[in-house]
Protein chains: 2
Amino acid sequence: MNQPTAMNDLLAFQRQTEALSSIAERLGWDQETVMPRGATEQRSEEMAAIAAVLHDRRTDPRIGEWLDAARPETARESRIVELIARDHARACAIPAALATELARQTSLSQGIWAEARANDAPEAFLPALDSILVLTQDAANALVDAGFGGGDPYDALLDDYEPGATQADLAALFDSMRPRLVALREDVLGAGNPPAELQGRFPQESQLRLARACATAFGYDWTRGRLDLAVHPFSSGRWQDSRITTRVVETEPFNCIYSTIHEVGHSSYELGIDSDHAFTPLGRGVSMGVHESQSRIYENQIGRGRAFTGWLHGRMSDMMGGLSVADADQFYRTVNRVAPGHIRTEADEVQYNLHIMMRFDLERDLIAGRLSTDDLVEAWNARFLRDFGIAVDRPANGVLQDVHWAVGLFGYFPTYALGNVYAGCLNAALRGAVPDLDDSLAQGDAEPAVEWLRENLQRHGGLYEPRTLIEQATGAPVTAAPLLDYLEDKFAGIYAL
Amino acid sequence: MNQPTAMNDLLAFQRQTEALSSIAERLGWDQETVMPRGATEQRSEEMAAIAAVLHDRRTDPRIGEWLDAARPETARESRIVELIARDHARACAIPAALATELARQTSLSQGIWAEARANDAPEAFLPALDSILVLTQDAANALVDAGFGGGDPYDALLDDYEPGATQADLAALFDSMRPRLVALREDVLGAGNPPAELQGRFPQESQLRLARACATAFGYDWTRGRLDLAVHPFSSGRWQDSRITTRVVETEPFNCIYSTIHEVGHSSYELGIDSDHAFTPLGRGVSMGVHESQSRIYENQIGRGRAFTGWLHGRMSDMMGGLSVADADQFYRTVNRVAPGHIRTEADEVQYNLHIMMRFDLERDLIAGRLSTDDLVEAWNARFLRDFGIAVDRPANGVLQDVHWAVGLFGYFPTYALGNVYAGCLNAALRGAVPDLDDSLAQGDAEPAVEWLRENLQRHGGLYEPRTLIEQATGAPVTAAPLLDYLEDKFAGIYAL
């Protein structure tokens, strides 16, 4: 085969695959936002059809031939070839029958999980979870046999979400964080004078208006995106079309506002990638951890800082009338209130990573066969009591709270905490590079932060491996220290520790 | 090849193709309703990717092998095989390079047409139209060579939109209609006492509320559909998900209302097909003419009748306050007002078919090479003056008004008039079968009509050829007489002829 032809054919084929993958994602958005409720059966058939097309393309034998013949001429081309080869090898490693069965079982078990959670009935879900676990172990072993994960099944799974990460590295990182997080948590919860909660009811329309204003403050490009309601907020799409969703609870406006800012972080990352990378494997966020670093730094280090919340307090008072927290300093404390709770997605910055560490340990035990699904509820509840000092009151607030395992996402959870660590590193570098950032944030303008992130991180898309990307952006090795320093400093101020 | 296996493989493959085709249609809906305006380039790449996948599947050589080996066991299976074979043969008849070039040129020329129309500059569009015409002639000849159209290139094109129809039959049908339509038009326009126009401004929200009430009156299933705004109203999708769109002009509420009812007709047809047919070639409307018969009978014979407009007058008065036309009889006349005009899509029931006949003759001349695109403007203007007695005032009101030719839809126009003829036949049968229909319509309940249409026509989907389907439903041969009788009777009443 002619070499330039092979490279061109490979890129043209990939371009079409990326476009089809983008279509599948748009279809998922449609399902969660605007689809008529009677269309679920049809939609699952449509999703299965495009998933089958995508699987056929990822395992297409011509990719192997093109890869053998292609001679990339630039570092960028080499990276593209590397990413296509990795994806192709991973897809080919898993036998077709296993891939089909995993898709079928995870599709089924999502509904089973939702019903079990609604009924607080883990026993209705655990058999399905066990099937998923066995299939996932098989898939992980198949990946190990194909050379992924350096012989470690969990690492072979993790590699899908955070290329290059290993459970040993992550365990060491998390172990280094735990003592300071636990100490901070105890200090905060033991301190007197806790911040007040926000009182009142905030109508949907005014919450959405404020959410839009926040998205605009973070430079969200409305010509390439839109905001809709969804049961669970998410972002969707890339390049010229990355949409966000939020949810509204009348008594909890911060839920709507900070979900929006979080999703703006994800979407801005996708929209910030150089358009040259569009429809190549470089044209999307490089890993889940890096993705979460963007959503988290937007939401927390920037969005929940004193400067931005000062502006938010003014806008919110203007748009919604007098607030129960009338003073901007008290408002800042209210936004960052730390309280005991069972639910990961509602956790504050101090406790969030402890939720993740617990899941990380449990899922490693599950994959390694050290923990059976029969014993999972007991293990969860015991660990939760030990880490958080409160008992799980009902399964929906315990092992049934997250969908991840039900849909086969083992190896995904640690990327949330890793994203927080990355966000800590990026925030330290950002504050050094843009020392007067808070002046802009106090005016409701996060553009200087967004520009720095776009220039130093977002625009590269998949060009560098995750850790390399963060280290290039920050000029320093990745450690948990900046995050922990930031948290201790911030909450010492809020709780007068 | 094992025969049952061949049949099963063929159906499974087709099922996936139908699902992918449904996805492409949903993507088109997204583009026209909710897509961010900066996403056009990305969307055109996505549309091209799924179109390429669909084209590859339609021409997949395995279909030929399955068709050779399959032995259908029921009339339904035979019909499915017949429709798959026809689609496969048509797709294979057109050389890949020609299909690609047609797709590329029509995609380009749509934008050129839109700009030329905005600038009233036909000379900017005609070269693009000429390219499309030459490619379409090539495609038509390729179809003729493959045995379609009985040796006639125009009929080979027509066959895509109205299987079984021929230009000779249609010309004879239209010739039989013309004298009575022309006479009726002259009588109506020459009569004194024309109906008043509706005065006032009607806010978007109240127009949409009324449009929703009308859709509900026609039994539109909101659990399997939704209503959105679009520049040009259309319907989209089938089985469990068929959505409609409308537009709002503050001074023209009938535009919004009757566009909605028209699109409800199209969507109800798709939603009314037996669910057994879903994801087979039987699971969609059988032809453009039959489709238009449904939208037209909903909109005109039912929606613009005295009984339904009586209910509409009451609802509209309630929802929008006092109308300039305060009396239900006068309101009925206003809804059915006949006036000279250039635009097909705004034409009344009396003149609409004359617009179609003109396009039918011009496009037959274009395809046959009797008329060149250089002479098209002159030919259009001369014919318009002859048929309608008024001169074309500007190209946007003349040859540039319709998008069809710009996107290669030659052979499509006559199906609109044929749909009106079918609607006339169906209306006569419906009124015979449901003699007290007007009592329900006067209460804002069109369900008895919808049920009759669903039972006798819609539910069959693609099971029968178009004309057979209409004749089975009505129990009579298709002629223009019922439509013409209806029009003469209706407008004699309105204009006191």
# chains A, B, ... in the order shown; residues from 1 in each chain; ligands from 1

call {"tool": "residues_around", "arguments": {"residues": "stretch 180-183 of chain B", "least_positions_apart": "2", "cutoff": "8 Å", "atoms": "only C-alpha atoms", "output": "MDAnalysis selection string"}}
result
chainID B and resid 177:178 185:187 350:351 354 484

call {"tool": "select_by_dssp", "arguments": {"residues": "stretch 393-438 of chain A", "states": "alpha helix (DSSP H)", "output": "CSV table (one decimal) with N, CA and C atoms, in the first residue's frame"}}
result
chain,number,residue,atom,x,y,z
A,414,PRO,N,-12.0,7.2,40.2
A,414,PRO,CA,-10.8,7.9,40.7
A,414,PRO,C,-10.5,9.2,39.9
A,415,THR,N,-11.0,9.2,38.6
A,415,THR,CA,-10.7,10.4,37.8
A,415,THR,C,-11.3,11.6,38.3
A,416,TYR,N,-12.4,11.5,39.1
A,416,TYR,CA,-13.0,12.7,39.8
A,416,TYR,C,-12.0,13.3,40.8
A,417,ALA,N,-11.4,12.5,41.6
A,417,ALA,CA,-10.5,13.0,42.6
A,417,ALA,C,-9.2,13.5,41.9
A,418,LEU,N,-8.8,12.8,40.9
A,418,LEU,CA,-7.6,13.2,40.2
A,418,LEU,C,-7.9,14.5,39.5
A,419,GLY,N,-9.1,14.7,39.0
A,419,GLY,CA,-9.4,16.0,38.4
A,419,GLY,C,-9.3,17.1,39.4
A,420,ASN,N,-9.7,16.9,40.6
A,420,ASN,CA,-9.6,17.9,41.7
A,420,ASN,C,-8.1,18.2,42.0
A,421,VAL,N,-7.3,17.2,42.0
A,421,VAL,CA,-5.9,17.4,42.2
A,421,VAL,C,-5.3,18.3,41.0
A,422,TYR,N,-5.7,17.9,39.8
A,422,TYR,CA,-5.2,18.7,38.6
A,422,TYR,C,-5.7,20.1,38.8
A,423,ALA,N,-7.0,20.3,39.2
A,423,ALA,CA,-7.6,21.6,39.3
A,423,ALA,C,-6.8,22.4,40.3
A,424,GLY,N,-6.3,21.8,41.4
A,424,GLY,CA,-5.5,22.4,42.4
A,424,GLY,C,-4.2,22.9,41.8
A,425,CYS,N,-3.5,22.1,41.0
A,425,CYS,CA,-2.3,22.5,40.4
A,425,CYS,C,-2.5,23.6,39.4
A,426,LEU,N,-3.6,23.5,38.6
A,426,LEU,CA,-3.9,24.6,37.6
A,426,LEU,C,-4.2,25.9,38.3
A,427,ASN,N,-4.9,25.8,39.4
A,427,ASN,CA,-5.3,27.0,40.1
A,427,ASN,C,-4.1,27.8,40.6
A,428,ALA,N,-3.2,27.0,41.2
A,428,ALA,CA,-1.9,27.7,41.7
A,428,ALA,C,-1.2,28.4,40.6
A,429,ALA,N,-1.1,27.7,39.4
A,429,ALA,CA,-0.4,28.3,38.3
A,429,ALA,C,-1.1,29.5,37.7
A,430,LEU,N,-2.4,29.3,37.6
A,430,LEU,CA,-3.3,30.4,37.1
A,430,LEU,C,-3.2,31.7,38.0
A,431,ARG,N,-3.2,31.5,39.3
A,431,ARG,CA,-3.2,32.6,40.2
A,431,ARG,C,-1.8,33.3,40.1
A,432,GLY,N,-0.7,32.5,39.8
A,432,GLY,CA,0.6,33.1,39.6
A,432,GLY,C,0.6,33.9,38.3
A,433,ALA,N,0.0,33.3,37.3
A,433,ALA,CA,0.1,34.0,35.9
A,433,ALA,C,-0.8,35.2,35.8
A,437,LEU,N,-6.5,38.4,39.0
A,437,LEU,CA,-7.7,37.7,38.5
A,437,LEU,C,-9.0,38.0,39.3
A,438,ASP,N,-8.8,38.1,40.6
A,438,ASP,CA,-9.9,38.4,41.5
A,438,ASP,C,-10.6,39.7,41.2

call {"tool": "closest_residue", "arguments": {"among": "A:Gln240, A:Ser21, A:Ser78, A:Asn2", "to": "chain B", "atoms": "only C-alpha atoms"}}
result
A:Gln240

call {"tool": "interface_residues", "arguments": {"of": "chain B", "to": "chain A", "cutoff": "7 Å", "atoms": "only C-alpha atoms", "output": "list in words"}}
result
Gln16, Ala19, Leu20, Ile23, Pro36, Arg37, Gly38, Ala39, Gln42, Glu45, Glu46, Ala49, Ile50, Thr223, Arg224, Gly225, Arg226, Gln240 and Asp241 of chain B

call {"tool": "residues_around", "arguments": {"residues": "A:Thr166", "least_positions_apart": "5", "cutoff": "10 Å", "atoms": "only C-alpha atoms", "output": "list in words"}}
result
Gly149, Gly150, Asp152, Tyr154, Asp155, Ala156, Leu157, Leu158, Asp159, Ala171 and Gly411 of chain A

call {"tool": "write_last_selection", "arguments": {"atoms": "C-alpha atoms", "output": "mmCIF file, in the first residue's frame"}}
result
data_model
loop_
_atom_site.group_PDB
_atom_site.id
_atom_site.type_symbol
_atom_site.label_atom_id
_atom_site.label_comp_id
_atom_site.auth_asym_id
_atom_site.auth_seq_id
_atom_site.Cartn_x
_atom_site.Cartn_y
_atom_site.Cartn_z
ATOM 1 C CA GLY A 149 -2.678 -2.307 31.960
ATOM 2 C CA GLY A 150 0.794 -3.807 32.410
ATOM 3 C CA ASP A 152 -3.175 -5.440 35.995
ATOM 4 C CA TYR A 154 -7.965 -2.730 37.019
ATOM 5 C CA ASP A 155 -5.295 -0.648 35.306
ATOM 6 C CA ALA A 156 -6.462 -1.993 31.946
ATOM 7 C CA LEU A 157 -9.931 -0.568 32.707
ATOM 8 C CA LEU A 158 -8.607 2.681 34.158
ATOM 9 C CA ASP A 159 -6.653 3.235 30.966
ATOM 10 C CA ALA A 171 -3.481 4.892 45.697
ATOM 11 C CA GLY A 411 -12.114 2.603 36.856
#

call {"tool": "residues_around", "arguments": {"residues": "A:Thr33", "least_positions_apart": "6", "cutoff": "7 Å", "atoms": "only C-alpha atoms", "output": "list of chain:residue names"}}
result
A:Asp228, A:Leu229, A:Ala230

call {"tool": "write_last_selection", "arguments": {"atoms": "all heavy atoms", "output": "PDB file, in the first residue's frame"}}
result
ATOM      1  N   ASP A 228     -30.248  23.589  28.520  1.00  0.00           N
ATOM      2  CA  ASP A 228     -31.565  22.957  28.686  1.00  0.00           C
ATOM      3  C   ASP A 228     -31.648  22.303  30.051  1.00  0.00           C
ATOM      4  O   ASP A 228     -30.649  22.173  30.755  1.00  0.00           O
ATOM      5  CB  ASP A 228     -31.772  21.906  27.586  1.00  0.00           C
ATOM      6  CG  ASP A 228     -31.877  22.523  26.207  1.00  0.00           C
ATOM      7  OD1 ASP A 228     -32.987  22.909  25.826  1.00  0.00           O
ATOM      8  OD2 ASP A 228     -30.844  22.640  25.530  1.00  0.00           O
ATOM      9  N   LEU A 229     -32.844  21.873  30.389  1.00  0.00           N
ATOM     10  CA  LEU A 229     -33.060  21.153  31.647  1.00  0.00           C
ATOM     11  C   LEU A 229     -32.867  19.657  31.446  1.00  0.00           C
ATOM     12  O   LEU A 229     -33.210  19.120  30.392  1.00  0.00           O
ATOM     13  CB  LEU A 229     -34.474  21.420  32.165  1.00  0.00           C
ATOM     14  CG  LEU A 229     -34.728  22.843  32.665  1.00  0.00           C
ATOM     15  CD1 LEU A 229     -36.209  23.048  32.940  1.00  0.00           C
ATOM     16  CD2 LEU A 229     -33.912  23.109  33.936  1.00  0.00           C
ATOM     17  N   ALA A 230     -32.319  18.993  32.454  1.00  0.00           N
ATOM     18  CA  ALA A 230     -32.203  17.538  32.427  1.00  0.00           C
ATOM     19  C   ALA A 230     -32.280  17.033  33.862  1.00  0.00           C
ATOM     20  O   ALA A 230     -32.029  17.783  34.805  1.00  0.00           O
ATOM     21  CB  ALA A 230     -30.891  17.102  31.786  1.00  0.00           C
TER      22      ALA A 230
END

call {"tool": "residues_around", "arguments": {"residues": "A:Gly398", "least_positions_apart": "6", "cutoff": "10 Å", "atoms": "only C-alpha atoms", "output": "PyMOL selection string"}}
result
chain A and resi 117+120+122+342-344+377+380-381+384+391-392

call {"tool": "residues_around", "arguments": {"residues": "A:Asn8", "least_positions_apart": "3", "cutoff": "12 Å", "atoms": "only C-alpha atoms", "output": "ChimeraX atom specification"}}
result
/A:1-5,11-15,63,66-67,69-72,77,81

call {"tool": "residues_around", "arguments": {"residues": "B:Ile94", "least_positions_apart": "6", "cutoff": "10 Å", "atoms": "only C-alpha atoms", "output": "VMD selection string"}}
result
chain B and resid 59 100 138 to 143 145 to 146

call {"tool": "closest_residue", "arguments": {"among": "B:Asp274, B:Glu263, B:Asp436, B:Glu250", "to": "B:Phe234", "atoms": "only C-alpha atoms"}}
result
B:Glu263

call {"tool": "atom_distance", "arguments": {"atom1": "atom CA of B:Glu82", "atom2": "atom CA of B:Met7"}}
result
12.5 Å

call {"tool": "decode", "arguments": {"residues": "stretch 350-484 of chain A", "atoms": "C-alpha atoms", "output": "PDB file, in the first residue's frame"}}
result
ATOM      1  CA  VAL A 350     -13.658  19.247  51.768  1.00  0.00           C
ATOM      2  CA  GLN A 351     -15.464  15.919  51.791  1.00  0.00           C
ATOM      3  CA  TYR A 352     -15.846  15.145  48.073  1.00  0.00           C
ATOM      4  CA  ASN A 353     -12.540  13.339  47.634  1.00  0.00           C
ATOM      5  CA  LEU A 354     -13.209  11.108  50.637  1.00  0.00           C
ATOM      6  CA  HIS A 355     -16.322   9.827  48.835  1.00  0.00           C
ATOM      7  CA  ILE A 356     -14.177   9.026  45.819  1.00  0.00           C
ATOM      8  CA  MET A 357     -11.446   7.247  47.760  1.00  0.00           C
ATOM      9  CA  MET A 358     -14.021   4.942  49.297  1.00  0.00           C
ATOM     10  CA  ARG A 359     -15.438   4.004  45.874  1.00  0.00           C
ATOM     11  CA  PHE A 360     -11.942   3.568  44.459  1.00  0.00           C
ATOM     12  CA  ASP A 361     -11.032   1.048  47.158  1.00  0.00           C
ATOM     13  CA  LEU A 362     -14.328  -0.845  46.894  1.00  0.00           C
ATOM     14  CA  GLU A 363     -14.227  -1.155  43.108  1.00  0.00           C
ATOM     15  CA  ARG A 364     -10.618  -2.304  43.154  1.00  0.00           C
ATOM     16  CA  ASP A 365     -11.646  -5.038  45.584  1.00  0.00           C
ATOM     17  CA  LEU A 366     -14.602  -5.973  43.365  1.00  0.00           C
ATOM     18  CA  ILE A 367     -12.511  -6.225  40.185  1.00  0.00           C
ATOM     19  CA  ALA A 368      -9.748  -8.164  41.980  1.00  0.00           C
ATOM     20  CA  GLY A 369     -12.288 -10.616  43.400  1.00  0.00           C
ATOM     21  CA  ARG A 370     -11.463  -9.674  47.005  1.00  0.00           C
ATOM     22  CA  LEU A 371     -15.016  -8.445  47.512  1.00  0.00           C
ATOM     23  CA  SER A 372     -18.165 -10.134  46.216  1.00  0.00           C
ATOM     24  CA  THR A 373     -21.347  -8.282  45.316  1.00  0.00           C
ATOM     25  CA  ASP A 374     -23.058 -10.315  48.063  1.00  0.00           C
ATOM     26  CA  ASP A 375     -20.949  -8.479  50.624  1.00  0.00           C
ATOM     27  CA  LEU A 376     -20.984  -5.087  48.942  1.00  0.00           C
ATOM     28  CA  VAL A 377     -23.760  -3.435  50.945  1.00  0.00           C
ATOM     29  CA  GLU A 378     -22.149  -4.405  54.225  1.00  0.00           C
ATOM     30  CA  ALA A 379     -18.725  -3.297  53.034  1.00  0.00           C
ATOM     31  CA  TRP A 380     -20.104   0.030  51.796  1.00  0.00           C
ATOM     32  CA  ASN A 381     -21.977   0.771  54.998  1.00  0.00           C
ATOM     33  CA  ALA A 382     -19.065  -0.178  57.260  1.00  0.00           C
ATOM     34  CA  ARG A 383     -16.615   1.922  55.271  1.00  0.00           C
ATOM     35  CA  PHE A 384     -19.005   4.879  55.136  1.00  0.00           C
ATOM     36  CA  LEU A 385     -19.481   4.849  58.893  1.00  0.00           C
ATOM     37  CA  ARG A 386     -15.728   4.667  59.400  1.00  0.00           C
ATOM     38  CA  ASP A 387     -14.900   7.498  56.945  1.00  0.00           C
ATOM     39  CA  PHE A 388     -17.806   9.845  57.619  1.00  0.00           C
ATOM     40  CA  GLY A 389     -18.895   9.032  61.144  1.00  0.00           C
ATOM     41  CA  ILE A 390     -22.555   8.630  60.213  1.00  0.00           C
ATOM     42  CA  ALA A 391     -24.496   5.496  59.319  1.00  0.00           C
ATOM     43  CA  VAL A 392     -26.057   4.978  55.901  1.00  0.00           C
ATOM     44  CA  ASP A 393     -29.758   5.498  56.552  1.00  0.00           C
ATOM     45  CA  ARG A 394     -31.078   3.803  53.394  1.00  0.00           C
ATOM     46  CA  PRO A 395     -29.577   2.044  50.355  1.00  0.00           C
ATOM     47  CA  ALA A 396     -30.573   4.884  48.020  1.00  0.00           C
ATOM     48  CA  ASN A 397     -28.255   7.063  50.109  1.00  0.00           C
ATOM     49  CA  GLY A 398     -25.617   4.336  50.108  1.00  0.00           C
ATOM     50  CA  VAL A 399     -24.496   1.815  47.542  1.00  0.00           C
ATOM     51  CA  LEU A 400     -27.389   2.589  45.182  1.00  0.00           C
ATOM     52  CA  GLN A 401     -26.675   6.302  44.832  1.00  0.00           C
ATOM     53  CA  ASP A 402     -24.370   6.216  41.763  1.00  0.00           C
ATOM     54  CA  VAL A 403     -25.151   4.800  38.322  1.00  0.00           C
ATOM     55  CA  HIS A 404     -21.507   4.131  37.384  1.00  0.00           C
ATOM     56  CA  TRP A 405     -21.130   0.457  38.276  1.00  0.00           C
ATOM     57  CA  ALA A 406     -24.579  -0.338  36.863  1.00  0.00           C
ATOM     58  CA  VAL A 407     -23.384   0.781  33.436  1.00  0.00           C
ATOM     59  CA  GLY A 408     -20.012  -0.917  33.743  1.00  0.00           C
ATOM     60  CA  LEU A 409     -17.932   2.158  34.550  1.00  0.00           C
ATOM     61  CA  PHE A 410     -15.284   0.518  36.724  1.00  0.00           C
ATOM     62  CA  GLY A 411     -12.114   2.603  36.856  1.00  0.00           C
ATOM     63  CA  TYR A 412     -13.989   5.850  36.320  1.00  0.00           C
ATOM     64  CA  PHE A 413     -14.466   7.105  39.904  1.00  0.00           C
ATOM     65  CA  PRO A 414     -10.819   7.930  40.700  1.00  0.00           C
ATOM     66  CA  THR A 415     -10.698  10.375  37.777  1.00  0.00           C
ATOM     67  CA  TYR A 416     -12.996  12.689  39.770  1.00  0.00           C
ATOM     68  CA  ALA A 417     -10.483  13.043  42.593  1.00  0.00           C
ATOM     69  CA  LEU A 418      -7.595  13.183  40.151  1.00  0.00           C
ATOM     70  CA  GLY A 419      -9.447  16.002  38.392  1.00  0.00           C
ATOM     71  CA  ASN A 420      -9.601  17.870  41.699  1.00  0.00           C
ATOM     72  CA  VAL A 421      -5.855  17.400  42.164  1.00  0.00           C
ATOM     73  CA  TYR A 422      -5.237  18.690  38.621  1.00  0.00           C
ATOM     74  CA  ALA A 423      -7.562  21.626  39.315  1.00  0.00           C
ATOM     75  CA  GLY A 424      -5.510  22.441  42.425  1.00  0.00           C
ATOM     76  CA  CYS A 425      -2.292  22.463  40.374  1.00  0.00           C
ATOM     77  CA  LEU A 426      -3.865  24.564  37.614  1.00  0.00           C
ATOM     78  CA  ASN A 427      -5.329  27.043  40.080  1.00  0.00           C
ATOM     79  CA  ALA A 428      -1.933  27.655  41.689  1.00  0.00           C
ATOM     80  CA  ALA A 429      -0.360  28.283  38.275  1.00  0.00           C
ATOM     81  CA  LEU A 430      -3.296  30.409  37.105  1.00  0.00           C
ATOM     82  CA  ARG A 431      -3.163  32.641  40.184  1.00  0.00           C
ATOM     83  CA  GLY A 432       0.568  33.131  39.630  1.00  0.00           C
ATOM     84  CA  ALA A 433       0.090  33.961  35.949  1.00  0.00           C
ATOM     85  CA  VAL A 434      -2.944  36.221  36.416  1.00  0.00           C
ATOM     86  CA  PRO A 435      -2.334  37.847  39.801  1.00  0.00           C
ATOM     87  CA  ASP A 436      -5.204  40.331  39.490  1.00  0.00           C
ATOM     88  CA  LEU A 437      -7.734  37.666  38.495  1.00  0.00           C
ATOM     89  CA  ASP A 438      -9.942  38.380  41.505  1.00  0.00           C
ATOM     90  CA  ASP A 439     -10.472  41.960  40.310  1.00  0.00           C
ATOM     91  CA  SER A 440     -12.126  40.610  37.163  1.00  0.00           C
ATOM     92  CA  LEU A 441     -14.036  37.887  38.997  1.00  0.00           C
ATOM     93  CA  ALA A 442     -15.443  40.488  41.381  1.00  0.00           C
ATOM     94  CA  GLN A 443     -16.931  42.139  38.262  1.00  0.00           C
ATOM     95  CA  GLY A 444     -18.449  38.852  37.081  1.00  0.00           C
ATOM     96  CA  ASP A 445     -15.812  38.367  34.400  1.00  0.00           C
ATOM     97  CA  ALA A 446     -14.006  35.021  34.421  1.00  0.00           C
ATOM     98  CA  GLU A 447     -12.576  35.496  30.928  1.00  0.00           C
ATOM     99  CA  PRO A 448      -8.945  36.031  32.077  1.00  0.00           C
ATOM    100  CA  ALA A 449      -9.037  32.626  33.790  1.00  0.00           C
ATOM    101  CA  VAL A 450     -10.781  30.983  30.853  1.00  0.00           C
ATOM    102  CA  GLU A 451      -8.266  32.474  28.429  1.00  0.00           C
ATOM    103  CA  TRP A 452      -5.336  31.199  30.461  1.00  0.00           C
ATOM    104  CA  LEU A 453      -6.856  27.714  30.627  1.00  0.00           C
ATOM    105  CA  ARG A 454      -7.671  27.719  26.932  1.00  0.00           C
ATOM    106  CA  GLU A 455      -4.203  28.864  25.935  1.00  0.00           C
ATOM    107  CA  ASN A 456      -2.289  26.573  28.271  1.00  0.00           C
ATOM    108  CA  LEU A 457      -4.472  23.492  28.312  1.00  0.00           C
ATOM    109  CA  GLN A 458      -7.809  23.359  26.494  1.00  0.00           C
ATOM    110  CA  ARG A 459      -6.644  24.158  22.976  1.00  0.00           C
ATOM    111  CA  HIS A 460      -4.356  21.112  22.826  1.00  0.00           C
ATOM    112  CA  GLY A 461      -7.196  18.586  22.975  1.00  0.00           C
ATOM    113  CA  GLY A 462      -5.687  15.110  22.810  1.00  0.00           C
ATOM    114  CA  LEU A 463      -2.214  16.217  21.704  1.00  0.00           C
ATOM    115  CA  TYR A 464      -0.430  15.261  24.962  1.00  0.00           C
ATOM    116  CA  GLU A 465      -0.921  12.560  27.568  1.00  0.00           C
ATOM    117  CA  PRO A 466      -2.945  13.852  30.548  1.00  0.00           C
ATOM    118  CA  ARG A 467      -0.200  14.246  33.115  1.00  0.00           C
ATOM    119  CA  THR A 468       2.196  15.763  30.568  1.00  0.00           C
ATOM    120  CA  LEU A 469      -0.483  18.262  29.605  1.00  0.00           C
ATOM    121  CA  ILE A 470      -1.051  19.372  33.198  1.00  0.00           C
ATOM    122  CA  GLU A 471       2.673  19.593  33.914  1.00  0.00           C
ATOM    123  CA  GLN A 472       3.275  21.645  30.761  1.00  0.00           C
ATOM    124  CA  ALA A 473       0.445  23.987  31.686  1.00  0.00           C
ATOM    125  CA  THR A 474       1.571  24.444  35.293  1.00  0.00           C
ATOM    126  CA  GLY A 475       5.348  24.089  34.879  1.00  0.00           C
ATOM    127  CA  ALA A 476       5.445  21.795  37.896  1.00  0.00           C
ATOM    128  CA  PRO A 477       4.951  18.106  38.693  1.00  0.00           C
ATOM    129  CA  VAL A 478       1.462  16.944  39.646  1.00  0.00           C
ATOM    130  CA  THR A 479       1.050  16.654  43.420  1.00  0.00           C
ATOM    131  CA  ALA A 480      -1.866  17.026  45.824  1.00  0.00           C
ATOM    132  CA  ALA A 481      -0.125  19.835  47.724  1.00  0.00           C
ATOM    133  CA  PRO A 482      -1.642  22.812  45.829  1.00  0.00           C
ATOM    134  CA  LEU A 483      -5.162  21.420  46.259  1.00  0.00           C
ATOM    135  CA  LEU A 484      -4.673  20.706  49.968  1.00  0.00           C
TER     136      LEU A 484
END
